[in-house]
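Report on the structure given below.
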Amino acid sequence: MRHATPISFFLFFLPLTVLSISINHDITVGPALSFSPNTTSASAGDTLTFHFFPGKHNVAQSSFSTPCAPSPNGFYSGFIVPDSGEDATKFVVTVNDTQPIWFYCSEVMHCQLGMVGVVNPPISGDTLASYALAASKTTDSTTPANVAGGVFSSVNGPPSASTSTSASPPTSTTTSTGTETKTSGTSTPTQSTSAGVVLVSGNVFLNGMSAVVAVAAIWAGLI
Ligand SMILES: [Cu+2]
């Protein structure tokens, strides 16, 4: 029986390896001159889904030191301007690492008036408040030339009608690169907040279960 313990360990930890779960973080763009939430904590592999509301808005990545101007190789959604309610087109960005991601809306004066946000702000040092303050002192904003760094996800109907039961990776959604081509029509399941929450709970549950089972395996092996 002693030799069974390492195998048990492998088997019980295997699900954790398979269930390396990425989480989606929803961020609304407008209708006020703000992103909500304006601060998000994300892990590598997670996605950010930007939801657009009325007002002329977009989301563009910048660096902390150059607010209201795009950073090289940063993402940019292009303007997505619904007549009312949330636009069917969402912009999905995959988070590659846990470095800070600063972003802004490039419409005239929106960045200066505080339409800025951050993902993974540093624990100390640069803050969103200081970024916003620096943004308020700039005289104009720069709109990137091309859509970049993300994919468009489009679903029919309001977000509440998106009753996805599984979290699809962004690669399964309709994509376009280089040009601001909006897609529409097909009902593509997208990662919703609820799915993310469910997955988080599931992950925590599995972690807990595996820990319990692993401890049981150790105990059984030692007898
Ligand atoms: Cu805006």
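Letters A, B, ... mark the chains of the structure tokens in the order given; residue numbers begin at 1 per chain; ligand numbers begin at 1, in order shown.
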Practice problem: Would you list the residues that come within 8 Å of ligand 1? Count only C-alpha atoms and all ligand atoms and give the answer as number ranges by chain. | Solution: A: 29-30, 32-34, 55-59, 104-108, 110-111, 115
Practice problem: Identify, on the basis of only C-alpha atoms, every residue whose closest approach to Ala69 in chain A does not exceed 7 Å; exclude the query and any residue fewer than 4 positions from it along the same chain; express the result as a PyMOL selection string. | Solution: chain A and resi 62+141-142
Could you write out that same residue set with C-alpha atoms as an mmCIF file, in the first residue's frame?
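Once everything was written out, this is result.cif:
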```cif
data_model
loop_
_atom_site.group_PDB
_atom_site.id
_atom_site.type_symbol
_atom_site.label_atom_id
_atom_site.label_comp_id
_atom_site.auth_asym_id
_atom_site.auth_seq_id
_atom_site.Cartn_x
_atom_site.Cartn_y
_atom_site.Cartn_z
ATOM 1 C CA SER A 62 -1.329 53.581 -22.379
ATOM 2 C CA SER A 141 -5.610 62.717 -26.189
ATOM 3 C CA THR A 142 -4.227 60.513 -28.918
#
```
Self-check item: Thr39 in chain A environment, 6 Å, only C-alpha atoms, sequence neighbours closer than 5 positions dropped, as a ChimeraX atom specification
Solution: /A:117-119
Would you save the residues from that selection as an mmCIF file, in the first residue's frame, using N, CA and C atoms?
```
data_model
loop_
_atom_site.group_PDB
_atom_site.id
_atom_site.type_symbol
_atom_site.label_atom_id
_atom_site.label_comp_id
_atom_site.auth_asym_id
_atom_site.auth_seq_id
_atom_site.Cartn_x
_atom_site.Cartn_y
_atom_site.Cartn_z
ATOM 1 N N GLY A 117 -8.499 53.937 -16.326
ATOM 2 C CA GLY A 117 -8.603 52.768 -15.454
ATOM 3 C C GLY A 117 -7.295 51.996 -15.431
ATOM 4 N N VAL A 118 -7.271 50.982 -14.605
ATOM 5 C CA VAL A 118 -6.046 50.190 -14.465
ATOM 6 C C VAL A 118 -6.390 48.738 -14.114
ATOM 7 N N VAL A 119 -5.563 47.857 -14.604
ATOM 8 C CA VAL A 119 -5.620 46.448 -14.216
ATOM 9 C C VAL A 119 -4.296 46.146 -13.521
#
```
Self-check item: Spatial neighbours of Ile27 in chain A, max dist 6 Å, only C-alpha atoms, sep filter under 4 positions, as a list of chain:residue names
Solution: A:Ser36, A:Pro37, A:Phe50
Self-check item: Pick from A:Thr28, A:Thr139, A:Thr127, A:Asn120, whichever lies nearest to Ile80 in chain A using only C-alpha atoms
Solution: A:Thr28
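Those residues of range 81-140 of chain A that DSSP, working from the backbone, places in helix (DSSP H, G or I) are Leu128, Ala129, Ser130, Tyr131, Ala132, Leu133, Ala134, Ala135 and Ser136 of chain A.
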Self-check item: Of the listed residues A:Phe152, A:Ser43, A:Pro54, A:Ser22, that which approaches Gly85 in chain A most closely, counting only C-alpha atoms
Solution: A:Pro54
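Here CA of Asn38 in chain A stands at a distance of 8.4 Å from CA of Leu128 in chain A.
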